[in-house]
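Pasted below: run-v9.cif, mmCIF, C-alpha atoms and all ligand atoms.
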```cif
data_run
#
loop_
_atom_site.group_PDB
_atom_site.id
_atom_site.type_symbol
_atom_site.label_atom_id
_atom_site.label_comp_id
_atom_site.auth_asym_id
_atom_site.auth_seq_id
_atom_site.Cartn_x
_atom_site.Cartn_y
_atom_site.Cartn_z
ATOM 1 C CA MET A 1 0.000 0.000 0.000
ATOM 2 C CA LYS A 2 1.252 3.400 -0.875
ATOM 3 C CA LYS A 3 1.950 5.477 2.158
ATOM 4 C CA LYS A 4 0.645 8.968 2.154
ATOM 5 C CA LYS A 5 3.454 11.428 2.276
ATOM 6 C CA LYS A 6 3.318 13.664 5.276
ATOM 7 C CA THR A 7 3.302 17.286 4.319
ATOM 8 C CA ILE A 8 4.520 19.873 6.723
ATOM 9 C CA SER A 9 2.559 23.046 6.637
ATOM 10 C CA LYS A 10 4.727 26.019 5.779
ATOM 11 C CA LYS A 11 2.237 28.347 7.380
ATOM 12 C CA PRO A 12 4.015 30.456 9.977
ATOM 13 C CA VAL A 13 2.853 29.829 13.499
ATOM 14 C CA GLN A 14 0.991 32.888 14.627
ATOM 15 C CA LYS A 15 1.841 33.912 18.133
ATOM 16 C CA VAL A 16 -1.310 34.839 19.949
ATOM 17 C CA GLN A 17 -0.827 37.930 22.015
ATOM 18 C CA LEU A 18 -2.518 37.008 25.266
ATOM 19 C CA LYS A 19 -4.327 39.786 27.013
ATOM 20 C CA LYS A 20 -3.542 39.808 30.708
ATOM 21 C CA PRO A 21 -6.750 40.000 32.733
ATOM 22 C CA SER A 22 -7.080 42.789 35.279
ATOM 23 C CA ASN A 23 -6.931 42.106 39.020
ATOM 24 C CA ALA A 24 -10.709 42.587 39.175
ATOM 25 C CA GLU A 25 -11.230 39.938 36.485
ATOM 26 C CA ALA A 26 -8.895 37.520 38.278
ATOM 27 C CA GLU A 27 -10.707 38.148 41.576
ATOM 28 C CA LYS A 28 -14.018 37.364 39.849
ATOM 29 C CA ALA A 29 -12.579 34.031 38.699
ATOM 30 C CA VAL A 30 -11.600 33.224 42.299
ATOM 31 C CA ARG A 31 -15.173 34.008 43.413
ATOM 32 C CA THR A 32 -16.395 31.492 40.831
ATOM 33 C CA LEU A 33 -14.044 28.841 42.267
ATOM 34 C CA ILE A 34 -15.236 29.615 45.797
ATOM 35 C CA SER A 35 -18.829 29.015 44.650
ATOM 36 C CA PHE A 36 -17.704 25.935 42.762
ATOM 37 C CA VAL A 37 -16.453 24.233 45.933
ATOM 38 C CA GLY A 38 -19.836 24.930 47.561
ATOM 39 C CA GLU A 39 -19.066 28.045 49.559
ATOM 40 C CA ASP A 40 -20.687 31.436 49.693
ATOM 41 C CA PRO A 41 -18.202 34.039 48.407
ATOM 42 C CA ASP A 42 -20.191 36.729 50.255
ATOM 43 C CA ARG A 43 -19.692 35.091 53.632
ATOM 44 C CA GLU A 44 -17.769 37.462 55.889
ATOM 45 C CA GLY A 45 -14.694 35.275 56.232
ATOM 46 C CA LEU A 46 -14.380 34.942 52.472
ATOM 47 C CA LEU A 47 -15.005 38.519 51.402
ATOM 48 C CA ASP A 48 -11.323 39.419 51.017
ATOM 49 C CA THR A 49 -10.237 35.972 49.876
ATOM 50 C CA PRO A 50 -10.282 36.734 46.124
ATOM 51 C CA LYS A 51 -7.994 39.727 46.705
ATOM 52 C CA ARG A 52 -5.639 37.627 48.832
ATOM 53 C CA VAL A 53 -5.573 34.771 46.335
ATOM 54 C CA VAL A 54 -4.734 37.117 43.461
ATOM 55 C CA LYS A 55 -1.933 38.642 45.546
ATOM 56 C CA ALA A 56 -0.626 35.184 46.387
ATOM 57 C CA TYR A 57 -0.707 34.225 42.700
ATOM 58 C CA GLN A 58 1.358 37.287 41.851
ATOM 59 C CA ASP A 59 3.963 35.993 44.291
ATOM 60 C CA TRP A 60 3.825 32.286 43.366
ATOM 61 C CA TYR A 61 3.955 33.088 39.656
ATOM 62 C CA GLY A 62 6.182 36.135 39.921
ATOM 63 C CA GLY A 63 8.933 34.605 37.792
ATOM 64 C CA TYR A 64 7.508 35.691 34.460
ATOM 65 C CA ASN A 65 8.588 39.296 34.744
ATOM 66 C CA LEU A 66 12.174 38.461 35.643
ATOM 67 C CA ASP A 67 14.959 37.507 33.249
ATOM 68 C CA PRO A 68 17.235 34.791 34.688
ATOM 69 C CA LYS A 69 19.888 35.516 32.052
ATOM 70 C CA GLU A 70 20.178 39.056 33.309
ATOM 71 C CA VAL A 71 20.850 37.731 36.818
ATOM 72 C CA LEU A 72 23.897 35.848 35.507
ATOM 73 C CA ASN A 73 25.287 38.757 33.559
ATOM 74 C CA LYS A 74 27.796 39.901 36.150
ATOM 75 C CA THR A 75 30.694 37.471 36.236
ATOM 76 C CA PHE A 76 34.088 37.434 37.912
ATOM 77 C CA SER A 77 37.299 36.309 36.279
ATOM 78 C CA GLU A 78 39.758 36.761 39.141
ATOM 79 C CA ILE A 79 39.570 33.227 40.437
ATOM 80 C CA HIS A 80 43.302 32.377 40.537
ATOM 81 C CA GLY A 81 42.966 29.381 38.293
ATOM 82 C CA TYR A 82 40.175 27.728 40.287
ATOM 83 C CA ASP A 83 38.805 25.063 37.997
ATOM 84 C CA GLU A 84 36.985 22.555 40.181
ATOM 85 C CA ILE A 85 33.279 22.029 40.757
ATOM 86 C CA ILE A 86 31.329 24.950 42.216
ATOM 87 C CA MET A 87 28.096 23.808 43.755
ATOM 88 C CA LEU A 88 25.196 25.280 45.676
ATOM 89 C CA LYS A 89 23.453 22.607 47.707
ATOM 90 C CA ASP A 90 19.954 22.357 49.130
ATOM 91 C CA ILE A 91 18.400 25.315 47.343
ATOM 92 C CA ARG A 92 14.768 25.410 48.401
ATOM 93 C CA VAL A 93 12.444 24.803 45.446
ATOM 94 C CA GLU A 94 8.857 26.055 45.659
ATOM 95 C CA SER A 95 7.036 25.701 42.398
ATOM 96 C CA HIS A 96 3.633 24.789 40.952
ATOM 97 C CA CYS A 97 2.914 22.047 38.467
ATOM 98 C CA GLU A 98 1.361 23.257 35.277
ATOM 99 C CA HIS A 99 -1.094 20.347 35.198
ATOM 100 C CA HIS A 100 -2.902 21.074 38.469
ATOM 101 C CA MET A 101 -1.378 24.372 39.629
ATOM 102 C CA ALA A 102 -0.592 22.469 42.824
ATOM 103 C CA PRO A 103 2.636 23.131 44.722
ATOM 104 C CA PHE A 104 5.686 20.955 44.373
ATOM 105 C CA ILE A 105 8.301 21.553 47.015
ATOM 106 C CA GLY A 106 11.802 20.258 47.414
ATOM 107 C CA SER A 107 15.503 20.944 46.986
ATOM 108 C CA ALA A 108 17.856 21.611 44.134
ATOM 109 C CA HIS A 109 21.604 21.112 43.844
ATOM 110 C CA VAL A 110 23.163 23.261 41.136
ATOM 111 C CA ALA A 111 26.779 22.849 40.071
ATOM 112 C CA TYR A 112 29.102 23.923 37.294
ATOM 113 C CA LEU A 113 32.701 23.541 36.233
ATOM 114 C CA PRO A 114 33.947 27.074 35.600
ATOM 115 C CA ASN A 115 35.680 28.131 32.457
ATOM 116 C CA LYS A 116 37.747 31.065 33.721
ATOM 117 C CA ARG A 117 34.573 32.884 34.837
ATOM 118 C CA VAL A 118 32.309 32.487 37.850
ATOM 119 C CA VAL A 119 29.118 34.129 39.075
ATOM 120 C CA GLY A 120 28.201 35.187 42.585
ATOM 121 C CA ILE A 121 27.050 31.970 44.237
ATOM 122 C CA SER A 122 23.669 33.409 45.302
ATOM 123 C CA LYS A 123 22.848 33.822 41.618
ATOM 124 C CA LEU A 124 22.388 30.054 41.314
ATOM 125 C CA ALA A 125 19.639 30.273 43.935
ATOM 126 C CA ARG A 126 18.124 33.304 42.236
ATOM 127 C CA ILE A 127 17.776 31.706 38.809
ATOM 128 C CA THR A 128 16.335 28.577 40.457
ATOM 129 C CA ARG A 129 13.745 30.778 42.140
ATOM 130 C CA ILE A 130 12.859 32.695 38.960
ATOM 131 C CA PHE A 131 12.228 29.510 36.965
ATOM 132 C CA SER A 132 10.367 27.979 39.946
ATOM 133 C CA LYS A 133 7.931 30.872 40.123
ATOM 134 C CA ARG A 134 6.371 29.921 36.833
ATOM 135 C CA MET A 135 3.984 27.133 35.870
ATOM 136 C CA GLN A 136 6.305 24.167 35.656
ATOM 137 C CA VAL A 137 6.910 20.505 35.243
ATOM 138 C CA GLN A 138 9.909 19.344 37.234
ATOM 139 C CA GLU A 139 11.733 17.976 34.190
ATOM 140 C CA LYS A 140 11.441 21.328 32.410
ATOM 141 C CA LEU A 141 12.485 23.278 35.500
ATOM 142 C CA THR A 142 15.632 21.144 35.855
ATOM 143 C CA ALA A 143 16.563 21.580 32.187
ATOM 144 C CA GLU A 144 15.834 25.312 32.153
ATOM 145 C CA ILE A 145 18.175 26.003 35.075
ATOM 146 C CA ALA A 146 20.960 23.927 33.495
ATOM 147 C CA ASN A 147 20.546 25.372 30.008
ATOM 148 C CA CYS A 148 20.440 28.942 31.275
ATOM 149 C CA LEU A 149 23.720 28.488 33.157
ATOM 150 C CA GLN A 150 25.309 26.785 30.168
ATOM 151 C CA GLU A 151 24.176 29.456 27.735
ATOM 152 C CA VAL A 152 25.215 32.521 29.703
ATOM 153 C CA LEU A 153 28.282 31.348 31.620
ATOM 154 C CA LYS A 154 29.588 28.857 29.043
ATOM 155 C CA PRO A 155 31.239 26.651 31.686
ATOM 156 C CA ARG A 156 32.831 23.275 30.963
ATOM 157 C CA GLY A 157 29.797 21.573 32.403
ATOM 158 C CA VAL A 158 26.593 22.030 34.379
ATOM 159 C CA ALA A 159 24.731 19.634 36.663
ATOM 160 C CA VAL A 160 21.323 20.176 38.229
ATOM 161 C CA VAL A 161 19.466 17.709 40.443
ATOM 162 C CA ILE A 162 16.034 18.408 41.889
ATOM 163 C CA GLU A 163 14.122 16.285 44.365
ATOM 164 C CA ALA A 164 10.569 17.375 45.125
ATOM 165 C CA GLN A 165 7.233 16.249 46.457
ATOM 166 C CA HIS A 166 4.244 17.017 44.273
ATOM 167 C CA GLU A 167 1.065 17.850 46.112
ATOM 168 C CA CYS A 168 -1.018 16.827 43.113
ATOM 169 C CA MET A 169 0.199 13.310 43.945
ATOM 170 C CA THR A 170 0.608 13.411 47.720
ATOM 171 C CA THR A 171 -2.676 15.137 48.671
ATOM 172 C CA ARG A 172 -4.958 13.969 45.846
ATOM 173 C CA GLY A 173 -4.916 11.577 42.902
ATOM 174 C CA ILE A 174 -3.042 8.492 44.068
ATOM 175 C CA ASN A 175 -2.771 10.180 47.479
ATOM 176 C CA GLU A 176 0.624 8.807 48.279
ATOM 177 C CA PRO A 177 2.429 10.910 50.876
ATOM 178 C CA GLY A 178 6.166 10.639 51.347
ATOM 179 C CA ILE A 179 7.147 9.927 47.764
ATOM 180 C CA SER A 180 9.369 12.294 45.879
ATOM 181 C CA MET A 181 10.486 12.749 42.318
ATOM 182 C CA VAL A 182 14.128 13.136 41.320
ATOM 183 C CA THR A 183 15.253 14.712 38.066
ATOM 184 C CA SER A 184 18.713 15.567 36.813
ATOM 185 C CA GLN A 185 20.160 17.401 33.873
ATOM 186 C CA LEU A 186 23.846 16.959 33.155
ATOM 187 C CA LEU A 187 25.666 18.947 30.490
ATOM 188 C CA GLY A 188 29.243 19.047 29.205
ATOM 189 C CA LYS A 189 31.817 17.277 31.388
ATOM 190 C CA PHE A 190 29.218 16.098 33.892
ATOM 191 C CA ARG A 191 27.648 14.134 31.076
ATOM 192 C CA THR A 192 30.756 12.928 29.269
ATOM 193 C CA ASP A 193 33.206 12.346 32.110
ATOM 194 C CA ALA A 194 32.324 9.607 34.593
ATOM 195 C CA SER A 195 34.695 10.827 37.312
ATOM 196 C CA THR A 196 33.286 14.385 37.248
ATOM 197 C CA ARG A 197 29.790 12.949 37.479
ATOM 198 C CA LYS A 198 30.829 10.695 40.359
ATOM 199 C CA GLU A 199 32.392 13.607 42.209
ATOM 200 C CA PHE A 200 29.192 15.623 41.788
ATOM 201 C CA TYR A 201 26.997 12.881 43.226
ATOM 202 C CA SER A 202 29.372 12.244 46.120
ATOM 203 C CA MET A 203 29.364 15.994 46.898
ATOM 204 C CA ILE A 204 25.569 15.779 47.154
ATOM 205 C CA LYS A 205 25.731 12.764 49.433
ATOM 206 C CA GLN A 206 28.413 14.000 51.775
ATOM 207 C CA GLY A 207 27.107 15.927 54.754
ATOM 208 C CA SER A 208 28.239 19.401 55.637
ATOM 209 C CA ILE A 209 31.924 19.699 56.550
ATOM 210 C CA LEU A 210 31.146 22.796 58.607
ATOM 211 C CA LYS A 211 31.301 22.297 62.333
ATOM 212 C CA LYS A 212 27.823 22.458 63.754
ATOM 213 C CA VAL A 213 27.624 25.380 66.158
HETATM 214 ZN ZN ZN B 1 0.362 18.063 38.880
#
```

Can I see the file as structure tokens?
Amino acid sequence: MKKKKKTISKKPVQKVQLKKPSNAEAEKAVRTLISFVGEDPDREGLLDTPKRVVKAYQDWYGGYNLDPKEVLNKTFSEIHGYDEIIMLKDIRVESHCEHHMAPFIGSAHVAYLPNKRVVGISKLARITRIFSKRMQVQEKLTAEIANCLQEVLKPRGVAVVIEAQHECMTTRGINEPGISMVTSQLLGKFRTDASTRKEFYSMIKQGSILKKV
């Protein structure tokens, strides 16, 4: 049987310019949800809830107005030949899954192998936070952090591991508390060189070498 040849449409994809609803419109949508769960949005205790929810959304999804690449723009080259792994451990991750808009919460470890340039270490936490404060899936979040570092800093390698608990799984759906999801994105030397990769994972495993005060 002759197979039909697939034709790819040459039509350019039109980007739809989404109109951002006003606060009042968003608050109205929250009122609808309050009614949907069986409550009275005019009950005294709920009167200000739409306003609060909209404010909370602006915080939880505040990563759209920030450019993570800009955060990494300032680099330092005076590192006296330092060329080993630089890693920020246990960065708190607070994000929301794009399938249920439910929180997923956990930790990220972000590392890179510098190529004559480094960034201020807090910047690794900042870009993690910016990408987290968007609608996410954990796989995408992990890759976005790694790719952003790779693109701007051009290090010899980047490694990102995230472990998180997804409330859409732990508090509903299969309702399984205590399980977490682990994702990792390895680029450059972390991907190609087994000993670099091994060192990265052992740095994650080893406890703090700081004396507990
Ligand atoms: Zn989900």

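Listed by chain and then by number, the residues chosen by the PyMOL selection byres (((chain A and resi 86) around 6) and not hetatm) in this file are A:Ile85, A:Met87, A:Ala111, A:Tyr112.
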
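The space separating atom CA of A:Arg31 from atom CA of A:Val53 comes to 10.1 Å.
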
### Task
Starting from the shown file, work through the PyMOL selection byres (((not hetatm)) within 9 of (chain B and resi 1)) and note down what comes out as an MDAnalysis selection string.
chainID A and resid 96:104 137 166:169

### Nearest to A:Thr196, chosen from A:Leu88, A:Ala24, A:Val54, A:Ala159, with all atoms listed in the file counted in the distances
A:Ala159

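Here the question is which of A:Arg92, A:Lys28, A:Lys74, A:Arg197 gets nearest to A:Gly120 using only C-alpha atoms, and that residue is A:Lys74.
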
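The environment of A:Glu94 within 8 Å, counting only C-alpha atoms and disregarding residues fewer than 5 places along the same chain, consists of Pro103, Phe104, Ile105, Gly106, Arg129, Ser132 and Lys133 of chain A.
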
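Atom CA of A:Lys51 is found 20.0 Å from atom CA of A:Lys19.
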
### Query
Near A:Gly81, within 10 Å and counting all atoms listed in the file, which residues show up once chain neighbours fewer than 3 positions away are dropped, as a list in words?
Ser77, Glu78, Glu84, Pro114, Asn115, Lys116 and Arg117 of chain A

### Task
Identify the residues around (35.2, 20.5, 33.8) within a radius of 6 Å, measuring from only C-alpha atoms in the coordinates stated by the file, and give them as number ranges by chain.
A: 113, 156-157, 189

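Ranking A:Ile34, A:Ile91, A:Ile145, A:Val118 by their shortest atom-to-atom distance to A:Phe131, with only C-alpha atoms included, puts A:Ile145 first.
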